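Participant: Contents of run-v4.cif (mmCIF, C-alpha atoms, pLDDT in the B column; chains and numbers go by the auth columns) are below:
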data_protein
loop_
_atom_site.group_PDB
_atom_site.id
_atom_site.type_symbol
_atom_site.label_atom_id
_atom_site.label_comp_id
_atom_site.label_asym_id
_atom_site.label_seq_id
_atom_site.Cartn_x
_atom_site.Cartn_y
_atom_site.Cartn_z
_atom_site.B_iso_or_equiv
_atom_site.auth_seq_id
_atom_site.auth_asym_id
ATOM 1 C CA MET A 1 -60.432 34.512 36.658 62.00 1 C
ATOM 2 C CA GLN A 2 -62.763 32.512 38.897 70.00 2 C
ATOM 3 C CA ASP A 3 -64.943 35.573 39.516 93.00 3 C
ATOM 4 C CA ILE A 4 -66.072 35.402 35.855 96.00 4 C
ATOM 5 C CA LEU A 5 -68.992 33.268 34.700 98.00 5 C
ATOM 6 C CA LEU A 6 -69.322 32.303 31.055 98.00 6 C
ATOM 7 C CA ILE A 7 -73.032 32.123 30.250 98.00 7 C
ATOM 8 C CA ILE A 8 -73.530 29.819 27.267 97.00 8 C
ATOM 9 C CA PRO A 9 -77.096 30.116 25.872 95.00 9 C
ATOM 10 C CA SER A 10 -77.747 26.950 23.894 95.00 10 C
ATOM 11 C CA TYR A 11 -80.670 25.941 21.725 94.00 11 C
ATOM 12 C CA ASN A 12 -80.292 22.786 19.639 94.00 12 C
ATOM 13 C CA GLU A 13 -76.489 22.822 19.735 94.00 13 C
ATOM 14 C CA GLU A 14 -75.966 19.051 19.840 95.00 14 C
ATOM 15 C CA LYS A 15 -73.377 19.285 17.050 93.00 15 C
ATOM 16 C CA ASN A 16 -71.300 21.940 18.816 94.00 16 C
ATOM 17 C CA ILE A 17 -71.743 21.939 22.585 96.00 17 C
ATOM 18 C CA GLU A 18 -69.387 19.039 23.345 95.00 18 C
ATOM 19 C CA LYS A 19 -66.507 20.626 21.458 94.00 19 C
ATOM 20 C CA VAL A 20 -67.153 24.112 22.892 95.00 20 C
ATOM 21 C CA VAL A 21 -67.384 23.043 26.534 96.00 21 C
ATOM 22 C CA GLY A 22 -64.764 20.344 26.144 95.00 22 C
ATOM 23 C CA GLU A 23 -62.252 22.968 24.976 94.00 23 C
ATOM 24 C CA LEU A 24 -63.155 25.204 27.907 95.00 24 C
ATOM 25 C CA GLU A 25 -62.659 22.453 30.458 95.00 25 C
ATOM 26 C CA LYS A 26 -59.404 21.239 28.917 95.00 26 C
ATOM 27 C CA GLU A 27 -57.697 24.487 27.907 94.00 27 C
ATOM 28 C CA PHE A 28 -59.249 27.025 30.313 95.00 28 C
ATOM 29 C CA PRO A 29 -60.097 25.159 33.543 94.00 29 C
ATOM 30 C CA GLN A 30 -59.791 28.427 35.491 93.00 30 C
ATOM 31 C CA LEU A 31 -62.967 29.725 33.839 95.00 31 C
ATOM 32 C CA ASP A 32 -66.379 28.956 35.323 96.00 32 C
ATOM 33 C CA TYR A 33 -69.188 28.376 32.862 97.00 33 C
ATOM 34 C CA LEU A 34 -72.894 27.621 32.772 98.00 34 C
ATOM 35 C CA VAL A 35 -74.649 26.060 29.786 98.00 35 C
ATOM 36 C CA VAL A 36 -78.220 27.377 29.728 98.00 36 C
ATOM 37 C CA ASN A 37 -80.163 24.827 27.700 97.00 37 C
ATOM 38 C CA ASP A 38 -83.066 26.804 26.268 96.00 38 C
ATOM 39 C CA GLY A 39 -85.603 24.016 25.952 96.00 39 C
ATOM 40 C CA SER A 40 -83.678 22.299 23.149 96.00 40 C
ATOM 41 C CA THR A 41 -85.546 19.661 21.157 96.00 41 C
ATOM 42 C CA ASP A 42 -82.370 17.813 20.151 95.00 42 C
ATOM 43 C CA GLN A 43 -79.739 16.033 22.277 96.00 43 C
ATOM 44 C CA THR A 44 -78.104 19.138 23.774 97.00 44 C
ATOM 45 C CA ALA A 45 -79.312 18.461 27.330 97.00 45 C
ATOM 46 C CA ARG A 46 -78.480 14.744 27.162 97.00 46 C
ATOM 47 C CA ILE A 47 -74.941 15.477 25.985 97.00 47 C
ATOM 48 C CA CYS A 48 -74.440 17.973 28.800 97.00 48 C
ATOM 49 C CA ARG A 49 -75.722 15.534 31.416 97.00 49 C
ATOM 50 C CA LYS A 50 -73.634 12.669 30.004 97.00 50 C
ATOM 51 C CA ASN A 51 -70.462 14.757 30.278 97.00 51 C
ATOM 52 C CA GLY A 52 -71.296 16.277 33.646 97.00 52 C
ATOM 53 C CA TYR A 53 -71.317 19.824 32.299 97.00 53 C
ATOM 54 C CA HIS A 54 -72.563 22.664 34.485 97.00 54 C
ATOM 55 C CA MET A 55 -76.037 23.167 33.063 97.00 55 C
ATOM 56 C CA LEU A 56 -79.210 25.061 33.783 97.00 56 C
ATOM 57 C CA ASP A 57 -81.907 23.074 31.963 97.00 57 C
ATOM 58 C CA LEU A 58 -84.886 25.253 31.068 96.00 58 C
ATOM 59 C CA PRO A 59 -88.075 23.211 30.555 94.00 59 C
ATOM 60 C CA VAL A 60 -89.326 25.408 27.710 94.00 60 C
ATOM 61 C CA ASN A 61 -87.762 27.641 25.073 95.00 61 C
ATOM 62 C CA LEU A 62 -87.584 31.226 26.369 94.00 62 C
ATOM 63 C CA GLY A 63 -85.611 32.734 23.498 92.00 63 C
ATOM 64 C CA LEU A 64 -82.258 34.453 23.870 91.00 64 C
ATOM 65 C CA ALA A 65 -83.460 37.218 26.216 92.00 65 C
ATOM 66 C CA GLY A 66 -85.097 34.870 28.728 94.00 66 C
ATOM 67 C CA CYS A 67 -82.337 32.295 28.426 95.00 67 C
ATOM 68 C CA PHE A 68 -79.608 34.856 29.045 96.00 68 C
ATOM 69 C CA GLN A 69 -81.517 36.423 31.922 96.00 69 C
ATOM 70 C CA ALA A 70 -81.744 33.005 33.579 97.00 70 C
ATOM 71 C CA GLY A 71 -77.960 32.790 33.353 97.00 71 C
ATOM 72 C CA MET A 72 -77.587 36.283 34.799 97.00 72 C
ATOM 73 C CA LYS A 73 -79.858 35.365 37.716 97.00 73 C
ATOM 74 C CA TYR A 74 -77.544 32.444 38.425 98.00 74 C
ATOM 75 C CA ALA A 75 -74.477 34.710 38.208 98.00 75 C
ATOM 76 C CA TYR A 76 -76.111 37.229 40.559 97.00 76 C
ATOM 77 C CA LYS A 77 -77.143 34.655 43.165 97.00 77 C
ATOM 78 C CA LYS A 78 -73.717 33.001 43.078 97.00 78 C
ATOM 79 C CA GLY A 79 -71.951 36.334 43.574 96.00 79 C
ATOM 80 C CA TYR A 80 -69.909 36.531 40.364 97.00 80 C
ATOM 81 C CA SER A 81 -68.240 39.867 39.699 96.00 81 C
ATOM 82 C CA TYR A 82 -68.368 39.472 35.910 97.00 82 C
ATOM 83 C CA ALA A 83 -70.482 37.555 33.408 98.00 83 C
ATOM 84 C CA ILE A 84 -69.768 37.096 29.731 97.00 84 C
ATOM 85 C CA GLN A 85 -72.141 35.994 27.014 95.00 85 C
ATOM 86 C CA PHE A 86 -70.454 33.110 25.185 94.00 86 C
ATOM 87 C CA ASP A 87 -72.025 31.361 22.202 91.00 87 C
ATOM 88 C CA GLY A 88 -72.512 27.607 22.206 89.00 88 C
ATOM 89 C CA ASP A 89 -71.812 27.288 18.476 89.00 89 C
ATOM 90 C CA GLY A 90 -68.043 27.757 18.631 87.00 90 C
ATOM 91 C CA GLN A 91 -67.928 31.307 17.271 89.00 91 C
ATOM 92 C CA HIS A 92 -66.498 32.866 20.431 93.00 92 C
ATOM 93 C CA LYS A 93 -62.940 32.154 21.521 93.00 93 C
ATOM 94 C CA PRO A 94 -62.045 31.976 25.235 94.00 94 C
ATOM 95 C CA GLU A 95 -58.504 33.248 24.671 95.00 95 C
ATOM 96 C CA TYR A 96 -59.905 36.792 24.369 95.00 96 C
ATOM 97 C CA ILE A 97 -61.616 36.777 27.754 96.00 97 C
ATOM 98 C CA GLU A 98 -58.552 37.894 29.723 95.00 98 C
ATOM 99 C CA ALA A 99 -58.105 40.973 27.504 96.00 99 C
ATOM 100 C CA ILE A 100 -61.805 41.813 27.826 97.00 100 C
ATOM 101 C CA ARG A 101 -61.576 41.479 31.611 96.00 101 C
ATOM 102 C CA LYS A 102 -58.493 43.714 31.763 96.00 102 C
ATOM 103 C CA LYS A 103 -60.311 46.376 29.745 97.00 103 C
ATOM 104 C CA MET A 104 -63.292 46.179 32.059 96.00 104 C
ATOM 105 C CA ASP A 105 -61.046 46.715 35.065 95.00 105 C
ATOM 106 C CA GLU A 106 -60.227 50.162 33.656 97.00 106 C
ATOM 107 C CA GLY A 107 -63.666 51.216 34.877 96.00 107 C
ATOM 108 C CA TYR A 108 -66.159 50.009 32.281 98.00 108 C
ATOM 109 C CA ASP A 109 -69.563 48.463 32.896 97.00 109 C
ATOM 110 C CA LEU A 110 -69.815 46.564 29.629 97.00 110 C
ATOM 111 C CA VAL A 111 -67.036 45.473 27.282 98.00 111 C
ATOM 112 C CA ILE A 112 -67.795 44.139 23.813 97.00 112 C
ATOM 113 C CA GLY A 113 -65.592 41.714 21.918 96.00 113 C
ATOM 114 C CA SER A 114 -65.519 43.626 18.637 95.00 114 C
ATOM 115 C CA ARG A 115 -64.704 42.441 15.126 92.00 115 C
ATOM 116 C CA PHE A 116 -64.306 45.999 13.876 90.00 116 C
ATOM 117 C CA VAL A 117 -62.034 47.924 16.231 84.00 117 C
ATOM 118 C CA ASP A 118 -59.275 47.796 13.642 81.00 118 C
ATOM 119 C CA LYS A 119 -61.057 46.185 10.688 76.00 119 C
ATOM 120 C CA LYS A 120 -63.566 47.542 8.182 76.00 120 C
ATOM 121 C CA LYS A 121 -66.993 46.028 7.707 70.00 121 C
ATOM 122 C CA GLY A 122 -68.018 44.385 4.462 67.00 122 C
ATOM 123 C CA PHE A 123 -71.181 45.085 2.498 66.00 123 C
ATOM 124 C CA SER A 124 -73.362 42.050 3.142 70.00 124 C
ATOM 125 C CA ILE A 125 -76.915 42.574 4.407 72.00 125 C
ATOM 126 C CA ARG A 126 -75.748 41.798 7.949 76.00 126 C
ATOM 127 C CA MET A 127 -72.862 44.255 7.773 81.00 127 C
ATOM 128 C CA ILE A 128 -75.072 46.993 6.334 87.00 128 C
ATOM 129 C CA GLY A 129 -77.429 46.336 9.208 86.00 129 C
ATOM 130 C CA SER A 130 -74.543 46.562 11.664 90.00 130 C
ATOM 131 C CA ARG A 131 -73.521 49.915 10.180 92.00 131 C
ATOM 132 C CA LEU A 132 -77.060 51.276 10.510 94.00 132 C
ATOM 133 C CA ILE A 133 -77.435 50.034 14.086 95.00 133 C
ATOM 134 C CA ALA A 134 -74.047 51.555 15.016 96.00 134 C
ATOM 135 C CA TRP A 135 -75.173 54.822 13.412 96.00 135 C
ATOM 136 C CA SER A 136 -78.449 54.819 15.359 97.00 136 C
ATOM 137 C CA ILE A 137 -76.620 54.273 18.658 97.00 137 C
ATOM 138 C CA ARG A 138 -74.184 57.084 17.882 97.00 138 C
ATOM 139 C CA VAL A 139 -77.017 59.468 16.928 96.00 139 C
ATOM 140 C CA THR A 140 -79.057 58.750 20.062 96.00 140 C
ATOM 141 C CA THR A 141 -76.258 58.444 22.639 96.00 141 C
ATOM 142 C CA GLY A 142 -73.217 60.212 21.191 96.00 142 C
ATOM 143 C CA VAL A 143 -71.180 57.050 21.758 96.00 143 C
ATOM 144 C CA SER A 144 -69.550 55.099 18.939 95.00 144 C
ATOM 145 C CA VAL A 145 -69.975 51.325 19.151 96.00 145 C
ATOM 146 C CA LYS A 146 -68.285 49.721 16.169 94.00 146 C
ATOM 147 C CA ASP A 147 -69.704 46.224 16.615 94.00 147 C
ATOM 148 C CA PRO A 148 -73.106 46.579 18.295 94.00 148 C
ATOM 149 C CA THR A 149 -74.337 43.170 17.122 91.00 149 C
ATOM 150 C CA SER A 150 -71.437 41.203 18.590 93.00 150 C
ATOM 151 C CA GLY A 151 -72.754 38.596 21.002 90.00 151 C
ATOM 152 C CA MET A 152 -69.526 38.436 23.003 95.00 152 C
ATOM 153 C CA ARG A 153 -70.170 40.903 25.808 96.00 153 C
ATOM 154 C CA MET A 154 -68.850 41.065 29.372 97.00 154 C
ATOM 155 C CA PHE A 155 -70.896 42.705 32.136 98.00 155 C
ATOM 156 C CA ASN A 156 -69.788 43.887 35.578 97.00 156 C
ATOM 157 C CA ARG A 157 -71.583 43.181 38.857 97.00 157 C
ATOM 158 C CA GLU A 158 -73.941 46.159 38.537 96.00 158 C
ATOM 159 C CA MET A 159 -74.964 45.103 35.045 96.00 159 C
ATOM 160 C CA ILE A 160 -75.460 41.505 36.241 97.00 160 C
ATOM 161 C CA ARG A 161 -77.843 42.863 38.853 96.00 161 C
ATOM 162 C CA GLU A 162 -79.756 44.896 36.240 94.00 162 C
ATOM 163 C CA PHE A 163 -80.290 41.875 34.007 95.00 163 C
ATOM 164 C CA ALA A 164 -81.044 39.497 36.878 95.00 164 C
ATOM 165 C CA LEU A 165 -83.630 41.558 38.720 94.00 165 C
ATOM 166 C CA ASN A 166 -85.455 43.403 35.940 90.00 166 C
ATOM 167 C CA LEU A 167 -87.698 41.995 33.237 79.00 167 C
ATOM 168 C CA ASN A 168 -87.009 44.407 30.391 80.00 168 C
ATOM 169 C CA TYR A 169 -83.388 43.558 29.602 87.00 169 C
ATOM 170 C CA GLY A 170 -82.210 41.401 26.714 88.00 170 C
ATOM 171 C CA PRO A 171 -78.673 41.010 25.314 90.00 171 C
ATOM 172 C CA GLU A 172 -79.368 43.061 22.209 93.00 172 C
ATOM 173 C CA PRO A 173 -78.028 46.332 20.695 95.00 173 C
ATOM 174 C CA ASP A 174 -81.097 48.296 21.802 95.00 174 C
ATOM 175 C CA THR A 175 -80.371 47.368 25.422 94.00 175 C
ATOM 176 C CA VAL A 176 -76.749 48.452 24.947 95.00 176 C
ATOM 177 C CA SER A 177 -78.063 51.784 23.674 96.00 177 C
ATOM 178 C CA PHE A 178 -80.426 52.104 26.632 94.00 178 C
ATOM 179 C CA LEU A 179 -77.713 51.302 29.169 95.00 179 C
ATOM 180 C CA ILE A 180 -75.409 53.922 27.641 96.00 180 C
ATOM 181 C CA LYS A 181 -78.198 56.483 28.026 94.00 181 C
ATOM 182 C CA GLN A 182 -78.466 55.463 31.684 93.00 182 C
ATOM 183 C CA GLY A 183 -74.769 56.190 32.218 95.00 183 C
ATOM 184 C CA ALA A 184 -73.131 52.822 31.585 96.00 184 C
ATOM 185 C CA LYS A 185 -69.565 53.031 30.304 97.00 185 C
ATOM 186 C CA VAL A 186 -68.964 50.813 27.272 97.00 186 C
ATOM 187 C CA ALA A 187 -65.697 49.801 25.600 97.00 187 C
ATOM 188 C CA GLU A 188 -64.641 47.411 22.837 97.00 188 C
ATOM 189 C CA VAL A 189 -61.729 44.999 22.566 96.00 189 C
ATOM 190 C CA PRO A 190 -60.648 43.500 19.224 95.00 190 C
ATOM 191 C CA VAL A 191 -61.506 39.827 18.764 94.00 191 C
ATOM 192 C CA VAL A 192 -61.881 37.378 15.909 91.00 192 C
ATOM 193 C CA ILE A 193 -65.276 35.690 15.649 87.00 193 C
ATOM 194 C CA ALA A 194 -65.114 32.260 14.024 82.00 194 C
ATOM 195 C CA ASP A 195 -67.696 30.576 11.813 70.00 195 C
ATOM 196 C CA ARG A 196 -70.151 28.158 13.402 64.00 196 C
ATOM 197 C CA LEU A 197 -68.603 24.756 14.019 69.00 197 C
ATOM 198 C CA ALA A 198 -71.670 22.981 12.618 72.00 198 C
ATOM 199 C CA GLY A 199 -75.338 23.556 11.893 59.00 199 C
ATOM 200 C CA GLU A 200 -76.979 26.594 10.353 59.00 200 C
ATOM 201 C CA SER A 201 -77.525 30.017 11.837 57.00 201 C
ATOM 202 C CA TYR A 202 -81.132 31.189 11.916 52.00 202 C
ATOM 203 C CA PHE A 203 -79.839 34.578 10.673 54.00 203 C
ATOM 204 C CA ASN A 204 -80.705 34.139 7.016 63.00 204 C
ATOM 205 C CA PRO A 205 -81.024 37.327 4.905 71.00 205 C
ATOM 206 C CA ILE A 206 -84.751 37.735 5.634 79.00 206 C
ATOM 207 C CA VAL A 207 -84.306 37.287 9.378 79.00 207 C
ATOM 208 C CA ALA A 208 -81.275 39.608 9.348 79.00 208 C
ATOM 209 C CA ALA A 209 -83.231 42.345 7.558 84.00 209 C
ATOM 210 C CA ALA A 210 -86.179 42.027 9.957 88.00 210 C
ATOM 211 C CA TYR A 211 -83.798 42.130 12.928 88.00 211 C
ATOM 212 C CA MET A 212 -82.141 45.287 11.585 90.00 212 C
ATOM 213 C CA VAL A 213 -85.487 47.055 11.175 92.00 213 C
ATOM 214 C CA ARG A 214 -86.627 46.017 14.656 94.00 214 C
ATOM 215 C CA MET A 215 -83.398 47.243 16.265 95.00 215 C
ATOM 216 C CA LEU A 216 -83.489 50.564 14.407 95.00 216 C
ATOM 217 C CA ILE A 217 -87.088 51.244 15.452 96.00 217 C
ATOM 218 C CA SER A 218 -86.293 50.271 19.031 95.00 218 C
ATOM 219 C CA ILE A 219 -83.142 52.413 19.297 96.00 219 C
ATOM 220 C CA LEU A 220 -84.469 55.472 17.484 96.00 220 C
ATOM 221 C CA VAL A 221 -88.010 55.475 18.901 94.00 221 C
ATOM 222 C CA ILE A 222 -88.930 52.978 21.601 91.00 222 C
ATOM 223 C CA GLN A 223 -85.875 53.527 23.831 89.00 223 C
ATOM 224 C CA ASN A 224 -86.968 57.134 24.323 85.00 224 C
ATOM 225 C CA PHE A 225 -89.926 55.857 26.359 84.00 225 C
ATOM 226 C CA ARG A 226 -88.201 53.032 28.184 83.00 226 C
ATOM 227 C CA VAL A 227 -87.977 53.195 31.981 76.00 227 C
ATOM 228 C CA ARG A 228 -85.090 51.665 33.887 73.00 228 C
ATOM 229 C CA GLY A 229 -86.150 48.722 36.003 61.00 229 C
#
Could you render the structure as structure tokens?
Facilitator:
Amino acid sequence: MQDILLIIPSYNEEKNIEKVVGELEKEFPQLDYLVVNDGSTDQTARICRKNGYHMLDLPVNLGLAGCFQAGMKYAYKKGYSYAIQFDGDGQHKPEYIEAIRKKMDEGYDLVIGSRFVDKKKGFSIRMIGSRLIAWSIRVTTGVSVKDPTSGMRMFNREMIREFALNLNYGPEPDTVSFLIKQGAKVAEVPVVIADRLAGESYFNPIVAAAYMVRMLISILVIQNFRVRG
């Protein structure tokens, strides 16, 4: 699996990054990874340097889209065939990567690690938002994506190139919708997403509601005017 790069966007993950990367290096040494430190203001970068982790240290905070694109540029220049978005907070589990890769080899461009392939969603604000975003993607593309907000996504070489060389791509559900409209083949593989190891997610109810509204407007309206590249 050395043609896969795990891109680990990390912002202020000093409480988690050592355990996440330490597990990767110990239990899955066949997997290449890159920690993209997104201008963290805590000790994330120092911890990575102390342990000799593979790190791209951004001097300023670019946000998830810019941080992930930096990782995709690295994957593109280094010639990786696949890249997978992998959270630095311990929520994503590397044992699912092989199954995601096998699914991708069936001819898909993007494979999502999905919590809801064989499990129903709850009724929290976040899950209601997920339902609405899934509905908007289905209405606009005709494709059912059960877990559009999952951050565990694997991309093939063509998708790596798209993200690396173009400025208007971020790892968000509206981009998934856009790529489907452009002909990308998307599949889902069942995974279990864990709770954060430590620290607090910025996705409080207010942020989650604002995110849902932004994604719905983007998928239902803005994506109709988006140009590839």
Participant: Pick out the closest residue to Thr140 of chain C from this set: C:Tyr211, C:Phe178, C:Phe155, C:Tyr11. Count only C-alpha atoms.
Facilitator: C:Phe178
Participant: Please evaluate the PyMOL selection byres ((chain C and resi 45) around 10) against the structure above and give the resulting residues as a PyMOL selection string.
Facilitator: chain C and resi 10-14+17+35-44+46-50+53+55-58
Participant: Considering only C-alpha atoms, can you say which of C:Pro94, C:Leu6, C:Gly107, C:Arg214 comes closest to Lys26 of chain C?
Facilitator: C:Pro94
Participant: From the list C:Asn156, C:Asn16, C:Thr141, C:Asn166, which residue is nearest Gly183 of chain C when using all atoms listed in the file?
Facilitator: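 Checking each candidate against Gly183 of chain C, we get C:Thr141 as the closest.
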Participant: Can you work out the spacing between atom CA of Asp147 of chain C and atom CA of Pro29 of chain C in Å, to one decimal?
Facilitator: 28.7 Å
Participant: Within 8 Å of Leu64 of chain C, counting all atoms listed in the file, which residues show up once you throw out same-chain ones fewer than 5 positions away? Write them as an MDAnalysis selection string, please.
Facilitator: chainID C and resid 9 170:171
Participant: Suppose you want the space between atom CA of Tyr74 of chain C and atom CA of Tyr33 of chain C; what is it in Å?
Facilitator: 10.8 Å
Participant: Considering all atoms listed in the file, can you say which of C:Glu18, C:Glu188, C:Glu27, C:Asn224 comes closest to Lys103 of chain C?
Facilitator: C:Glu188
Participant: Can you spell out as a list of chain:residue names the set of residues that the PyMOL selection byres ((chain C and resi 182) around 12) selects in the structure I just provided?
Facilitator: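 Evaluating the PyMOL selection byres ((chain C and resi 182) around 12) on this file yields C:Asp109, C:Thr141, C:Met159, C:Glu162, C:Thr175, C:Val176, C:Ser177, C:Phe178, C:Leu179, C:Ile180, C:Lys181, C:Gly183, C:Ala184, C:Lys185, C:Val186, C:Gln223, C:Asn224, C:Arg226, C:Val227, C:Arg228, C:Gly229.
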Participant: Write out as a PyMOL selection string each polymer residue whose atoms come within 9 Å of Ile7 of chain C, counting only C-alpha atoms; drop sequence neighbours fewer than 4 positions from it.
Facilitator: chain C and resi 32-36+68+71-72+75+83-87
Participant: Take the residues from that selection and write them out as a PDB file, in the coordinates of the input, keeping C-alpha atoms.
Facilitator:
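Output contents, as saved in part_10.pdb:
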ATOM      1  CA  ASP C  32     -66.379  28.956  35.323  1.00 96.00           C
ATOM      2  CA  TYR C  33     -69.188  28.376  32.862  1.00 97.00           C
ATOM      3  CA  LEU C  34     -72.894  27.621  32.772  1.00 98.00           C
ATOM      4  CA  VAL C  35     -74.649  26.060  29.786  1.00 98.00           C
ATOM      5  CA  VAL C  36     -78.220  27.377  29.728  1.00 98.00           C
ATOM      6  CA  PHE C  68     -79.608  34.856  29.045  1.00 96.00           C
ATOM      7  CA  GLY C  71     -77.960  32.790  33.353  1.00 97.00           C
ATOM      8  CA  MET C  72     -77.587  36.283  34.799  1.00 97.00           C
ATOM      9  CA  ALA C  75     -74.477  34.710  38.208  1.00 98.00           C
ATOM     10  CA  ALA C  83     -70.482  37.555  33.408  1.00 98.00           C
ATOM     11  CA  ILE C  84     -69.768  37.096  29.731  1.00 97.00           C
ATOM     12  CA  GLN C  85     -72.141  35.994  27.014  1.00 95.00           C
ATOM     13  CA  PHE C  86     -70.454  33.110  25.185  1.00 94.00           C
ATOM     14  CA  ASP C  87     -72.025  31.361  22.202  1.00 91.00           C
TER      15      ASP C  87
END
Participant: Could you tell me how far atom CA of Asn51 of chain C sits from atom CA of Asp195 of chain C, in Å to one decimal place?
Facilitator: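 Atom-to-atom, atom CA of Asp195 of chain C to atom CA of Asn51 of chain C, that is 24.5 Å.
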Participant: Counting only C-alpha atoms, which residues come within 6 Å of (-73.2, 49.5, 20.3), with the point read in the file's coordinates, and could you list them as a PyMOL selection string?
Facilitator: chain C and resi 134+145+148+173+176
Participant: Convert the output of the PyMOL selection byres ((chain C and resi 165) around 10) on the shown file into explicit residues, formatted as a ChimeraX atom specification.
Facilitator: /C:69,72-73,76,160-164,166-169,229
